[in-house]
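Visitor: data34.txt is reproduced in full below (compact mmCIF, C-alpha atoms and all ligand atoms).
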```txt
# COMPACT_ATOMS: atom_id res chain seq x y z
CA MET A 29 -14.28 -17.47 0.64
CA PHE A 30 -12.01 -15.86 -1.96
CA THR A 31 -11.78 -18.20 -4.94
CA PHE A 32 -11.92 -18.43 -8.70
CA LYS A 33 -15.15 -19.87 -10.05
CA ARG A 34 -15.37 -20.32 -13.80
CA ASN A 35 -12.14 -18.29 -13.95
CA GLN A 36 -13.68 -15.26 -12.24
CA PHE A 37 -12.50 -14.13 -8.81
CA GLN A 38 -15.28 -14.24 -6.24
CA VAL A 39 -15.80 -13.22 -2.66
CA GLU A 40 -18.29 -15.69 -1.21
CA ASP A 41 -20.93 -15.90 -3.99
CA VAL A 42 -20.32 -12.46 -5.46
CA LEU A 43 -18.15 -11.58 -8.44
CA VAL A 44 -15.50 -9.17 -7.21
CA ARG A 45 -15.78 -7.43 -10.56
CA ASP A 46 -19.45 -6.59 -9.90
CA ILE A 47 -18.59 -4.88 -6.62
CA VAL A 48 -15.69 -2.96 -8.11
CA GLU A 49 -17.71 -1.73 -11.09
CA LYS A 50 -20.28 -0.23 -8.71
CA VAL A 51 -18.04 1.05 -5.93
CA GLY A 52 -14.85 1.93 -7.84
CA THR A 53 -11.26 1.38 -6.76
CA PRO A 54 -9.37 1.15 -4.55
CA VAL A 55 -11.74 -0.78 -2.31
CA TYR A 56 -11.40 -3.18 0.61
CA ILE A 57 -13.72 -6.17 0.42
CA TYR A 58 -14.34 -8.46 3.41
CA SER A 59 -16.00 -11.84 3.70
CA LYS A 60 -18.39 -11.87 6.62
CA ASN A 61 -18.53 -15.66 6.75
CA ARG A 62 -14.77 -16.04 6.73
CA ILE A 63 -14.61 -13.77 9.79
CA LEU A 64 -17.29 -15.83 11.50
CA ASP A 65 -15.59 -19.11 10.58
CA ASN A 66 -12.28 -17.88 12.01
CA PHE A 67 -13.96 -16.91 15.25
CA LYS A 68 -15.79 -20.23 15.55
CA LEU A 69 -12.61 -22.17 14.79
CA PHE A 70 -10.79 -20.42 17.62
CA ASP A 71 -13.70 -20.51 20.03
CA GLN A 72 -14.44 -24.20 19.49
CA ALA A 73 -10.80 -25.22 19.72
CA PHE A 74 -10.78 -24.14 23.37
CA ASN A 75 -14.23 -25.47 24.20
CA SER A 76 -12.92 -27.73 26.93
CA LEU A 77 -11.70 -24.76 28.99
CA PRO A 78 -13.37 -21.65 30.37
CA HIS A 79 -12.17 -19.02 27.91
CA LEU A 80 -12.95 -15.69 26.29
CA ILE A 81 -11.75 -14.54 22.91
CA CYS A 82 -11.18 -10.81 22.87
CA TYR A 83 -10.74 -9.75 19.25
CA ALA A 84 -7.93 -7.18 18.95
CA LEU A 85 -9.91 -4.33 17.49
CA LYS A 86 -6.88 -2.52 16.13
CA ALA A 87 -6.50 -5.13 13.37
CA ASN A 88 -9.69 -3.94 11.72
CA SER A 89 -11.99 -1.62 13.62
CA ASN A 90 -14.71 -1.08 11.03
CA LEU A 91 -18.10 -1.06 12.80
CA SER A 92 -19.58 -3.84 10.68
CA VAL A 93 -16.53 -6.07 11.07
CA ALA A 94 -16.56 -5.47 14.81
CA ARG A 95 -20.31 -6.02 15.03
CA THR A 96 -20.02 -9.33 13.21
CA LEU A 97 -17.70 -10.57 15.95
CA ALA A 98 -19.64 -8.96 18.79
CA VAL A 99 -22.86 -10.67 17.69
CA ALA A 100 -21.00 -13.99 17.41
CA GLY A 101 -20.12 -13.66 21.11
CA ALA A 102 -16.55 -12.39 21.01
CA GLY A 103 -15.11 -9.88 23.43
CA THR A 104 -12.61 -7.28 22.33
CA ASP A 105 -9.16 -6.01 23.21
CA ILE A 106 -8.90 -2.25 22.85
CA VAL A 107 -5.90 0.07 22.98
CA SER A 108 -7.45 3.57 23.16
CA GLY A 109 -10.50 5.57 24.16
CA GLY A 110 -11.34 5.77 20.48
CA GLU A 111 -11.43 2.00 20.27
CA LEU A 112 -13.63 1.86 23.36
CA TYR A 113 -16.04 4.16 21.57
CA ARG A 114 -16.00 1.92 18.51
CA ALA A 115 -16.30 -1.24 20.63
CA LEU A 116 -19.39 0.05 22.44
CA ALA A 117 -20.89 1.42 19.21
CA SER A 118 -20.53 -1.96 17.55
CA GLY A 119 -22.22 -3.81 20.37
CA PHE A 120 -19.48 -5.46 22.41
CA ARG A 121 -20.63 -5.94 25.98
CA ALA A 122 -18.53 -3.91 28.41
CA LYS A 123 -17.96 -7.04 30.49
CA LYS A 124 -16.10 -8.54 27.53
CA ILE A 125 -13.75 -5.61 26.91
CA VAL A 126 -10.10 -5.59 27.99
CA PHE A 127 -7.99 -2.45 27.68
CA SER A 128 -4.31 -2.82 26.69
CA GLY A 129 -1.58 -0.30 25.96
CA VAL A 130 1.45 1.30 27.62
CA GLY A 131 0.08 4.84 27.63
CA LYS A 132 -3.50 5.05 28.82
CA THR A 133 -4.52 8.60 29.78
CA LYS A 134 -6.64 9.50 32.81
CA ASP A 135 -9.47 10.44 30.48
CA GLU A 136 -9.32 7.02 28.86
CA MET A 137 -9.30 5.36 32.28
CA ARG A 138 -12.35 7.34 33.39
CA TYR A 139 -14.19 6.47 30.19
CA ALA A 140 -13.43 2.77 30.62
CA LEU A 141 -14.37 2.75 34.31
CA ARG A 142 -17.64 4.51 33.53
CA ALA A 143 -18.37 1.92 30.82
CA GLY A 144 -17.58 -0.90 33.29
CA ILE A 145 -15.07 -2.86 31.20
CA LEU A 146 -13.89 -6.32 32.23
CA MET A 147 -10.33 -5.23 32.99
CA PHE A 148 -7.31 -3.08 32.34
CA ASN A 149 -4.09 -4.73 31.19
CA VAL A 150 -1.67 -2.56 33.14
CA GLU A 151 1.87 -2.10 31.85
CA SER A 152 3.73 -0.14 34.55
CA SER A 153 3.68 0.66 38.28
CA GLU A 154 3.07 4.32 37.56
CA GLU A 155 0.07 3.45 35.41
CA LEU A 156 -1.24 1.26 38.24
CA ASN A 157 -0.98 4.13 40.73
CA VAL A 158 -2.75 6.53 38.41
CA LEU A 159 -5.51 3.99 37.74
CA ASN A 160 -5.95 3.50 41.50
CA GLU A 161 -6.24 7.24 42.00
CA VAL A 162 -8.68 7.74 39.11
CA ALA A 163 -10.85 4.82 40.29
CA GLY A 164 -10.72 6.20 43.84
CA VAL A 165 -12.11 9.57 42.80
CA MET A 166 -14.92 7.75 40.96
CA LYS A 167 -15.49 5.50 44.01
CA LYS A 168 -14.96 2.46 41.80
CA LYS A 169 -12.68 -0.55 41.74
CA ALA A 170 -10.63 -1.16 38.63
CA ARG A 171 -10.20 -4.80 37.68
CA VAL A 172 -6.63 -5.31 36.59
CA ALA A 173 -4.33 -7.80 34.90
CA ILE A 174 -0.65 -6.99 34.92
CA ARG A 175 1.14 -7.38 31.61
CA VAL A 176 4.45 -9.11 32.00
CA ASN A 177 7.28 -8.92 29.52
CA PRO A 178 8.27 -12.60 29.59
CA ASN A 179 11.38 -12.22 27.42
CA VAL A 180 10.13 -14.83 24.97
CA GLU A 181 11.29 -14.88 21.34
CA ALA A 182 8.28 -14.85 19.03
CA ASP A 183 10.32 -15.57 15.87
CA THR A 184 8.74 -12.84 13.83
CA HIS A 185 9.60 -9.49 12.20
CA HIS A 186 11.46 -7.28 14.69
CA HIS A 187 8.87 -4.52 14.30
CA ILE A 188 6.11 -6.81 15.49
CA THR A 189 7.85 -8.66 18.30
CA THR A 190 6.68 -7.35 21.68
CA GLY A 191 7.73 -9.83 24.35
CA LYS A 192 11.49 -9.22 24.49
CA GLN A 193 13.21 -7.19 27.16
CA GLU A 194 14.17 -4.45 24.71
CA ASN A 195 10.52 -3.87 23.76
CA LYS A 196 8.55 -1.18 25.60
CA PHE A 197 5.73 -3.52 26.60
CA GLY A 198 4.82 -5.01 29.94
CA ILE A 199 6.57 -5.19 33.27
CA HIS A 200 10.00 -6.79 33.54
CA LYS A 201 9.63 -10.34 34.84
CA ASN A 202 12.10 -9.78 37.68
CA THR A 203 9.92 -7.06 39.20
CA LEU A 204 6.54 -8.65 38.51
CA LEU A 205 6.00 -10.20 41.95
CA ASP A 206 6.78 -6.92 43.68
CA VAL A 207 4.38 -5.06 41.44
CA TYR A 208 1.59 -7.50 42.38
CA LYS A 209 2.44 -7.23 46.08
CA ASN A 210 2.27 -3.45 45.90
CA ALA A 211 -0.87 -3.56 43.81
CA LYS A 212 -2.58 -5.65 46.48
CA LYS A 213 -2.28 -2.70 48.86
CA LEU A 214 -4.09 -0.32 46.50
CA HIS A 215 -7.69 0.14 47.62
CA ASN A 216 -9.24 0.77 44.26
CA ILE A 217 -7.49 -1.99 42.35
CA GLU A 218 -8.90 -5.48 42.12
CA LEU A 219 -6.23 -7.92 40.98
CA HIS A 220 -7.91 -10.13 38.41
CA GLY A 221 -5.35 -11.62 36.05
CA LEU A 222 -2.01 -11.91 34.37
CA GLN A 223 -1.41 -10.99 30.75
CA ALA A 224 1.26 -11.15 28.07
CA HIS A 225 1.39 -10.58 24.33
CA ILE A 226 4.64 -11.57 22.69
CA GLY A 227 4.24 -10.45 19.12
CA SER A 228 2.40 -10.84 15.88
CA GLN A 229 2.36 -13.22 12.88
CA ILE A 230 3.69 -16.09 15.02
CA THR A 231 3.93 -19.27 12.95
CA SER A 232 4.67 -21.99 15.49
CA VAL A 233 3.18 -23.21 18.79
CA LYS A 234 6.56 -23.21 20.50
CA PRO A 235 6.59 -19.59 21.72
CA TYR A 236 3.08 -20.05 23.12
CA VAL A 237 4.04 -23.16 25.07
CA GLU A 238 7.10 -21.37 26.40
CA LEU A 239 4.99 -18.35 27.32
CA LEU A 240 2.27 -20.36 29.02
CA THR A 241 4.83 -22.27 31.07
CA ILE A 242 6.36 -19.01 32.30
CA LEU A 243 2.96 -17.52 33.08
CA LEU A 244 1.76 -20.57 35.02
CA ASP A 245 4.93 -20.44 37.04
CA PHE A 246 4.09 -16.84 37.97
CA ILE A 247 0.50 -17.82 38.79
CA ASP A 248 1.85 -20.40 41.24
CA LYS A 249 4.36 -18.01 42.79
CA LEU A 250 1.63 -15.41 43.24
CA ALA A 251 -0.73 -17.95 44.79
CA LYS A 252 1.95 -18.66 47.40
CA GLN A 253 1.89 -14.96 48.27
CA GLY A 254 -1.87 -15.12 48.68
CA ILE A 255 -2.61 -13.51 45.32
CA VAL A 256 -5.06 -15.78 43.51
CA LEU A 257 -5.83 -14.73 39.96
CA LYS A 258 -8.91 -15.56 37.92
CA THR A 259 -7.75 -14.95 34.35
CA LEU A 260 -4.72 -15.75 32.30
CA ASP A 261 -4.46 -13.82 29.04
CA ILE A 262 -1.87 -15.01 26.52
CA GLY A 263 -2.48 -12.19 24.05
CA GLY A 264 -2.82 -12.53 20.30
CA GLY A 265 -0.26 -13.05 17.60
CA LEU A 266 -1.37 -16.21 15.84
CA GLY A 267 -0.06 -15.96 12.27
CA ILE A 268 -1.81 -16.44 8.94
CA THR A 269 -0.71 -17.51 5.47
CA TYR A 270 0.41 -14.59 3.33
CA ASP A 271 2.83 -16.52 1.16
CA LYS A 272 4.12 -19.96 2.09
CA GLU A 273 3.83 -19.80 5.88
CA VAL A 274 2.13 -22.75 7.55
CA PRO A 275 1.01 -21.34 10.90
CA PRO A 276 -0.56 -23.59 13.53
CA THR A 277 -4.34 -23.74 13.57
CA PRO A 278 -6.21 -22.81 16.76
CA GLN A 279 -6.77 -26.57 17.09
CA ASP A 280 -2.99 -27.13 17.10
CA LEU A 281 -2.63 -24.40 19.68
CA ALA A 282 -5.34 -25.93 21.84
CA LEU A 283 -3.72 -29.38 21.64
CA ALA A 284 -0.44 -27.93 22.88
CA LEU A 285 -1.85 -25.63 25.57
CA THR A 286 -4.90 -27.38 26.98
CA PRO A 287 -2.99 -30.12 28.85
CA LEU A 288 -1.03 -27.46 30.75
CA LEU A 289 -4.24 -25.87 31.96
CA ARG A 290 -6.31 -28.82 33.12
CA GLU A 291 -7.42 -28.68 36.75
CA ARG A 292 -6.63 -25.00 37.01
CA PRO A 293 -9.46 -22.70 38.00
CA LEU A 294 -8.45 -20.09 35.42
CA THR A 295 -10.32 -18.46 32.59
CA LEU A 296 -8.09 -18.30 29.55
CA LEU A 297 -8.16 -15.14 27.46
CA PHE A 298 -6.91 -14.65 23.91
CA GLU A 299 -6.55 -11.46 21.93
CA PRO A 300 -6.29 -12.55 18.30
CA GLY A 301 -6.47 -9.79 15.70
CA ARG A 302 -4.76 -10.79 12.47
CA PHE A 303 -6.05 -14.37 12.65
CA MET A 304 -9.67 -13.20 12.72
CA VAL A 305 -9.59 -10.80 9.81
CA GLY A 306 -6.32 -11.06 7.86
CA ASN A 307 -7.39 -13.65 5.33
CA SER A 308 -10.94 -12.31 5.41
CA GLY A 309 -10.22 -9.24 3.32
CA ILE A 310 -8.71 -8.07 0.04
CA LEU A 311 -7.83 -4.71 -1.44
CA VAL A 312 -8.82 -4.28 -5.08
CA THR A 313 -6.97 -1.76 -7.18
CA GLN A 314 -6.92 -0.76 -10.83
CA VAL A 315 -3.88 -0.71 -13.09
CA LEU A 316 -3.22 2.83 -14.28
CA TYR A 317 -0.05 2.39 -16.32
CA ARG A 318 2.71 -0.06 -17.11
CA LYS A 319 6.22 1.09 -17.85
CA GLU A 320 9.51 -0.45 -18.81
CA ALA A 321 12.63 1.04 -17.24
CA GLY A 322 15.82 -0.75 -18.17
CA GLU A 323 15.70 -4.15 -16.51
CA LYS A 324 12.47 -3.40 -14.69
CA THR A 325 8.80 -3.40 -15.46
CA PHE A 326 6.56 -1.32 -13.25
CA VAL A 327 2.84 -1.81 -12.88
CA ILE A 328 1.41 1.42 -11.46
CA VAL A 329 -1.90 0.99 -9.64
CA ASP A 330 -4.39 3.39 -8.06
CA ALA A 331 -3.91 2.07 -4.50
CA ALA A 332 -0.89 3.16 -2.50
CA MET A 333 0.98 2.80 0.76
CA ASN A 334 -1.49 5.14 2.45
CA ASP A 335 -4.19 2.52 1.77
CA LEU A 336 -2.12 -0.55 2.70
CA ALA A 337 1.10 0.25 4.54
CA ARG A 338 2.34 -3.26 5.39
CA PRO A 339 4.73 -3.71 2.45
CA ALA A 340 6.26 -0.26 3.05
CA LEU A 341 6.40 -0.75 6.85
CA TYR A 342 7.39 -4.39 7.21
CA ASP A 343 8.40 -5.54 3.73
CA ALA A 344 5.28 -7.65 4.02
CA TYR A 345 4.28 -10.06 1.27
CA HIS A 346 0.77 -9.91 -0.19
CA GLU A 347 -0.27 -12.17 -3.03
CA ILE A 348 -1.56 -10.25 -6.05
CA THR A 349 -3.90 -11.64 -8.69
CA PRO A 350 -5.96 -10.37 -11.62
CA LEU A 351 -9.71 -10.95 -11.28
CA VAL A 352 -9.71 -13.34 -14.25
CA GLN A 353 -7.80 -16.57 -14.63
CA ASP A 354 -6.49 -17.15 -18.16
CA ARG A 355 -3.49 -18.39 -20.05
CA ARG A 356 -1.68 -15.10 -20.52
CA ALA A 357 2.06 -14.76 -20.10
CA GLN A 358 3.56 -14.08 -16.65
CA ARG A 359 6.05 -11.29 -16.16
CA VAL A 360 8.35 -10.20 -13.35
CA VAL A 361 7.12 -6.79 -12.24
CA ASP A 362 7.13 -4.25 -9.43
CA VAL A 363 3.60 -3.27 -8.43
CA VAL A 364 3.73 0.31 -7.16
CA GLY A 365 1.37 3.09 -6.10
CA PRO A 366 1.17 6.77 -7.07
CA ILE A 367 2.68 8.19 -3.86
CA CYS A 368 5.91 10.19 -3.95
CA GLU A 369 7.95 7.67 -1.93
CA SER A 370 10.16 4.85 -3.13
CA GLY A 371 8.68 2.69 -0.36
CA ASP A 372 5.28 2.92 -2.02
CA TYR A 373 5.00 -0.59 -3.41
CA PHE A 374 2.93 -3.77 -3.09
CA ALA A 375 5.31 -6.25 -4.72
CA ARG A 376 8.88 -6.21 -5.93
CA GLN A 377 10.34 -8.49 -8.62
CA ARG A 378 7.20 -10.57 -8.53
CA LYS A 379 6.08 -12.91 -11.29
CA ILE A 380 2.40 -12.31 -11.98
CA PRO A 381 0.11 -12.62 -15.02
CA PHE A 382 0.98 -9.39 -16.84
CA PRO A 383 -2.04 -7.12 -16.37
CA LYS A 384 -3.55 -4.80 -18.96
CA CYS A 385 -4.05 -1.08 -18.54
CA GLY A 386 -7.33 -0.52 -16.69
CA GLU A 387 -7.46 -4.08 -15.39
CA TYR A 388 -8.25 -4.81 -11.73
CA LEU A 389 -5.86 -6.54 -9.36
CA ALA A 390 -6.75 -8.07 -5.99
CA ILE A 391 -4.18 -7.73 -3.22
CA LEU A 392 -4.90 -10.66 -0.92
CA SER A 393 -4.83 -11.16 2.85
CA ALA A 394 -5.35 -7.45 3.43
CA GLY A 395 -8.09 -7.62 6.06
CA ALA A 396 -5.82 -7.04 9.07
CA TYR A 397 -3.76 -3.88 9.58
CA GLY A 398 -4.91 -2.76 6.15
CA PHE A 399 -7.63 -0.13 6.26
CA ALA A 400 -6.97 0.26 10.00
CA MET A 401 -3.50 1.64 9.26
CA SER A 402 -4.55 3.74 6.28
CA SER A 403 -4.07 7.48 6.16
CA GLN A 404 -4.74 10.41 3.88
CA TYR A 405 -1.06 10.90 3.07
CA ASN A 406 -0.61 12.76 -0.23
CA SER A 407 -4.18 14.02 0.34
CA ARG A 408 -5.69 10.80 -0.85
CA PRO A 409 -9.21 10.25 0.51
CA ARG A 410 -9.50 6.96 2.38
CA VAL A 411 -11.02 4.19 0.31
CA ALA A 412 -14.39 2.45 0.58
CA GLU A 413 -14.97 -0.79 2.48
CA VAL A 414 -17.44 -3.48 1.44
CA MET A 415 -18.66 -6.61 3.19
CA ALA A 416 -19.94 -9.66 1.32
CA ASP A 417 -22.31 -12.18 2.88
CA GLY A 418 -23.33 -15.09 0.64
CA LYS A 419 -24.70 -13.59 -2.54
CA TYR A 420 -25.22 -10.16 -0.98
CA TRP A 421 -22.82 -7.33 -0.33
CA LYS A 422 -22.96 -3.82 1.06
CA ILE A 423 -20.79 -0.77 1.55
CA ILE A 424 -19.71 -0.64 5.19
CA ARG A 425 -17.67 2.54 4.86
CA LYS A 426 -18.19 5.19 2.23
CA ARG A 427 -15.27 6.32 0.16
CA GLU A 428 -14.08 9.65 1.57
CA SER A 429 -14.69 12.79 -0.47
CA LEU A 430 -12.41 15.73 -1.16
CA LYS A 431 -14.36 17.66 1.49
CA ASP A 432 -13.47 14.95 4.03
CA LEU A 433 -9.81 15.78 3.40
CA ILE A 434 -10.11 19.30 4.81
CA ARG A 435 -12.83 18.76 7.41
CA GLY A 436 -12.02 20.67 10.59
CA GLU A 437 -9.18 22.65 9.03
CA LYS A 438 -8.90 26.45 8.90
C1 LIG A 501 -1.85 -6.02 18.55
C2 LIG A 501 -2.20 -6.75 19.76
C3 LIG A 501 -2.91 -7.95 19.69
C4 LIG A 501 -3.28 -8.60 18.39
O1 LIG A 501 -2.19 -9.10 17.70
P1 LIG A 501 -2.39 -10.00 16.40
O2 LIG A 501 -1.04 -10.33 15.95
O3 LIG A 501 -3.13 -9.17 15.40
O4 LIG A 501 -3.18 -11.20 16.80
C5 LIG A 501 -3.28 -8.54 20.88
N1 LIG A 501 -2.96 -8.01 22.08
C6 LIG A 501 -2.26 -6.86 22.18
C7 LIG A 501 -1.96 -6.31 23.51
C8 LIG A 501 -1.86 -6.19 21.04
O5 LIG A 501 -1.16 -5.05 21.14
```
Give the structure from this file in structure tokens form.
Guide:
Amino acid sequence: MFTFKRNQFQVEDVLVRDIVEKVGTPVYIYSKNRILDNFKLFDQAFNSLPHLICYALKANSNLSVARTLAVAGAGTDIVSGGELYRALASGFRAKKIVFSGVGKTKDEMRYALRAGILMFNVESSEELNVLNEVAGVMKKKARVAIRVNPNVEADTHHHITTGKQENKFGIHKNTLLDVYKNAKKLHNIELHGLQAHIGSQITSVKPYVELLTILLDFIDKLAKQGIVLKTLDIGGGLGITYDKEVPPTPQDLALALTPLLRERPLTLLFEPGRFMVGNSGILVTQVLYRKEAGEKTFVIVDAAMNDLARPALYDAYHEITPLVQDRRAQRVVDVVGPICESGDYFARQRKIPFPKCGEYLAILSAGAYGFAMSSQYNSRPRVAEVMADGKYWKIIRKRESLKDLIRGEK
């Protein structure tokens, strides 16, 4: 959905240049049909099993992005009351919402119980007790899956691995059975499932097979104790191509996992975030200045780490391309933003077609954890977001104004 046609960079059937000239830069641009294709790919891969795909809203929580997936039939995985608000506003059915996170507040629990969400992914015994108490006061039953920390290596960046013992997530596997046994005694808890999420940007099926094997073993042990679960949620984490990675497709994943699940009366849940939206979005920025400094050449652009934090946070790679394809010379450059931090960069020592002053550059694969992680650091208003659909496009979030920067302040 993002390709060069007649040497001009397009999103679906729209020239990126046309959008940028009307909306200005920096701007995030998403492809609606790429998002839909990603969802369908995942959904159809697991057609032979009862399953529900709960899009991890934190990857990109824009209302129009979320609505696109809600209308297509996805559920959603939320991690805060704010995300519940967004999920409901964008049309996700409450019965398709799961609530993850190690630190849910009582207010958030009440909000979710009132909304009637599918279930809470509970991450500690204390959380379970508080949820029981909150549900009791409301005379409700909270459906629950317990999140286990399976101690599985996801083979990814240490900041985005979540299924190892040293990570804060889930309940230690040695205590899991006891937690379920205790949970069974709680009157306002309905034990519904088992959940795990081992990390992000996973590029092989191996960790998933390992995880599923561990989880099924727990399901069997629990069944022996008289605890029969209905759902098994293996989280998100499926990787995408940023550079040269070759992650498994959902089809590959299904081929590896489906045989393990035959004949089991379980509904399988997934919580993919990055996979759904990562390659469905770009960030377009304008070159302000170029400068030579000894050995180095810097290309200074009008987007910055506040708009897209992944390079600064994770040393993440994002491909960068001008909006026109031509025969110009390539140069090794650092692409950097205007923020007063040395970590404010998009590429280091990268060979790209040397851009002109004022030219636009597209930073690719920016649809996940891009805008969602953006801030106003350095008092930079958050950028606009656009969604393309065939030959049409529209602004799905207005560029913030200077007034937005000080709203609510005294
Ligand atoms: C972040 C997160 C996800 C989504 O991860 P991706 O790598 O974007 O697929 C899913 N589940 C939980 C609990 C998460 O915290």
Visitor: How would you report the residues lying within 6 Å of ligand LIG 501 (chain A), as a list in words, if you count all atoms listed in the file?
Guide: Ala84, Ala87, Ser128, His225, Ser228, Gln229, Gly263, Gly264, Gly265, Leu266, Glu299, Pro300, Gly301, Arg302 and Phe303 of chain A
Visitor: Please report the interatomic distance between atom CA of A:Leu297 and atom CA of A:Glu194 in Å with one decimal.
Guide: 24.9 Å
Visitor: Which one of A:Leu433, A:Ala173, A:Val352, A:Leu116 sits closest to A:Val207 if you count only C-alpha atoms?
Guide: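 Smallest separation from A:Val207 among the options: A:Ala173.
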Visitor: So that I can see what lies close to A:Pro287, please list as a ChimeraX atom specification the residues with an atom at most 12 Å from it, counting only C-alpha atoms and leaving out residues fewer than 2 positions away in the same chain.
Guide: /A:74,76-77,237,240-241,281-285,289-292
Visitor: Excluding same-chain residues fewer than 3 positions from A:Ala163, what lies within 9 Å of it counting all atoms listed in the file, as an MDAnalysis selection string?
Guide: chainID A and resid 137:138 141 158:160 166:170 216:217
Visitor: Measuring atom to atom with all atoms listed in the file, identify which of A:Asn66, A:Thr203, A:Thr184, A:Thr259 is nearest to A:Gln223.
Guide: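 Under the stated criterion, the closest residue is A:Thr259.
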Visitor: Please report the interatomic distance between atom CA of A:Ala211 and atom CA of A:Phe148 in Å with one decimal.
Guide: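 Going from atom CA of A:Ala211 over to atom CA of A:Phe148, I get 13.2 Å.
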Visitor: Select, from A:Lys132, A:Pro366, A:Ser153, A:Leu146, the residue with the minimum atom-to-atom distance to A:Gly103, counting all atoms listed in the file.
Guide: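 Closest residue, counting all atoms listed in the file: A:Leu146.
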Visitor: In terms of the shortest atom-to-atom distance over only C-alpha atoms, which of A:Ile81, A:Ile310, A:Leu316, A:Val126 is closest to A:Gln38?
Guide: A:Ile310
Visitor: Which residue gives the smallest distance to A:Val312 among A:Pro276, A:Pro350, A:Gly221, A:Pro381, with all atoms listed in the file counted?
Guide: A:Pro350
Visitor: With distances taken over all atoms listed in the file, which residue among A:Leu204, A:Ile174, A:Met304, A:Ala344 lies nearest A:Leu219?
Guide: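 Ranked by minimum distance to A:Leu219, first place goes to A:Ile174.
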Visitor: List the neighbours of A:Ile242 out to 10 Å using only C-alpha atoms; skip same-chain residues closer than 5 positions along the sequence, and give me the result as a ChimeraX atom specification.
Guide: /A:178-180,201,236-237,247
Visitor: Between atom CA of A:Glu320 and atom CA of A:Arg378, what is the distance, to one decimal in Å?
Guide: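 These two atoms are separated by 14.6 Å.
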Visitor: Excluding A:Ala400 and residues on its chain fewer than 2 positions from it, collect all residues at most 12 Å away from it, counting all atoms listed in the file, and give them as a PyMOL selection string.
Guide: chain A and resi 56+84-91+93+111+301-302+305-306+334-338+394-398+402-403+410-411+413
Visitor: I'd like the contact shell of stretch 324-331 of chain A - 7 Å cut-off, all atoms listed in the file, skipping same-chain residues fewer than 3 positions apart - returned as a PyMOL selection string.
Guide: chain A and resi 54+313-321+335+361-366
Visitor: Create the file for the chosen residues now, containing C-alpha atoms and written as a PDB file, in the frame of the given file.
Guide:
```
ATOM      1  CA  PRO A  54      -9.370   1.150  -4.550  1.00  0.00           C
ATOM      2  CA  THR A 313      -6.970  -1.760  -7.180  1.00  0.00           C
ATOM      3  CA  GLN A 314      -6.920  -0.760 -10.830  1.00  0.00           C
ATOM      4  CA  VAL A 315      -3.880  -0.710 -13.090  1.00  0.00           C
ATOM      5  CA  LEU A 316      -3.220   2.830 -14.280  1.00  0.00           C
ATOM      6  CA  TYR A 317      -0.050   2.390 -16.320  1.00  0.00           C
ATOM      7  CA  ARG A 318       2.710  -0.060 -17.110  1.00  0.00           C
ATOM      8  CA  LYS A 319       6.220   1.090 -17.850  1.00  0.00           C
ATOM      9  CA  GLU A 320       9.510  -0.450 -18.810  1.00  0.00           C
ATOM     10  CA  ALA A 321      12.630   1.040 -17.240  1.00  0.00           C
ATOM     11  CA  ASP A 335      -4.190   2.520   1.770  1.00  0.00           C
ATOM     12  CA  VAL A 361       7.120  -6.790 -12.240  1.00  0.00           C
ATOM     13  CA  ASP A 362       7.130  -4.250  -9.430  1.00  0.00           C
ATOM     14  CA  VAL A 363       3.600  -3.270  -8.430  1.00  0.00           C
ATOM     15  CA  VAL A 364       3.730   0.310  -7.160  1.00  0.00           C
ATOM     16  CA  GLY A 365       1.370   3.090  -6.100  1.00  0.00           C
ATOM     17  CA  PRO A 366       1.170   6.770  -7.070  1.00  0.00           C
TER      18      PRO A 366
END
```
Visitor: Which polymer residues, whether protein, DNA or RNA, lie within 6 Å of the coordinate (-18.3, -2.9, -2.1) when you count only C-alpha atoms? List them as an mmCIF file with C-alpha atoms, keeping the file's coordinate frame, using the chain letters and numbers from the file.
Guide:
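Contents of part19.cif, as written:
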```cif
data_model
loop_
_atom_site.group_PDB
_atom_site.id
_atom_site.type_symbol
_atom_site.label_atom_id
_atom_site.label_comp_id
_atom_site.auth_asym_id
_atom_site.auth_seq_id
_atom_site.Cartn_x
_atom_site.Cartn_y
_atom_site.Cartn_z
ATOM 1 C CA ILE A 47 -18.590 -4.880 -6.620
ATOM 2 C CA VAL A 51 -18.040 1.050 -5.930
ATOM 3 C CA VAL A 414 -17.440 -3.480 1.440
ATOM 4 C CA LYS A 422 -22.960 -3.820 1.060
ATOM 5 C CA ILE A 423 -20.790 -0.770 1.550
#
```
Visitor: Within 10 Å of (-20.9, -0.1, 25.7) (file coordinates; all atoms listed in the file), which protein or nucleic acid residues are there? I'd like them as a short mmCIF file (atom, residue, chain, number, x, y, z; two decimals) with C-alpha atoms, in the frame of the given file.
Guide:
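Below is the file that was written, out.cif:
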```cif
data_model
loop_
_atom_site.label_atom_id
_atom_site.label_comp_id
_atom_site.auth_asym_id
_atom_site.auth_seq_id
_atom_site.Cartn_x
_atom_site.Cartn_y
_atom_site.Cartn_z
CA LEU A 112 -13.63 1.86 23.36
CA TYR A 113 -16.04 4.16 21.57
CA ARG A 114 -16.00 1.92 18.51
CA ALA A 115 -16.30 -1.24 20.63
CA LEU A 116 -19.39 0.05 22.44
CA ALA A 117 -20.89 1.42 19.21
CA SER A 118 -20.53 -1.96 17.55
CA GLY A 119 -22.22 -3.81 20.37
CA PHE A 120 -19.48 -5.46 22.41
CA ARG A 121 -20.63 -5.94 25.98
CA ALA A 122 -18.53 -3.91 28.41
CA LYS A 123 -17.96 -7.04 30.49
CA LYS A 124 -16.10 -8.54 27.53
CA ILE A 125 -13.75 -5.61 26.91
CA ALA A 140 -13.43 2.77 30.62
CA ARG A 142 -17.64 4.51 33.53
CA ALA A 143 -18.37 1.92 30.82
CA GLY A 144 -17.58 -0.90 33.29
CA ILE A 145 -15.07 -2.86 31.20
#
```
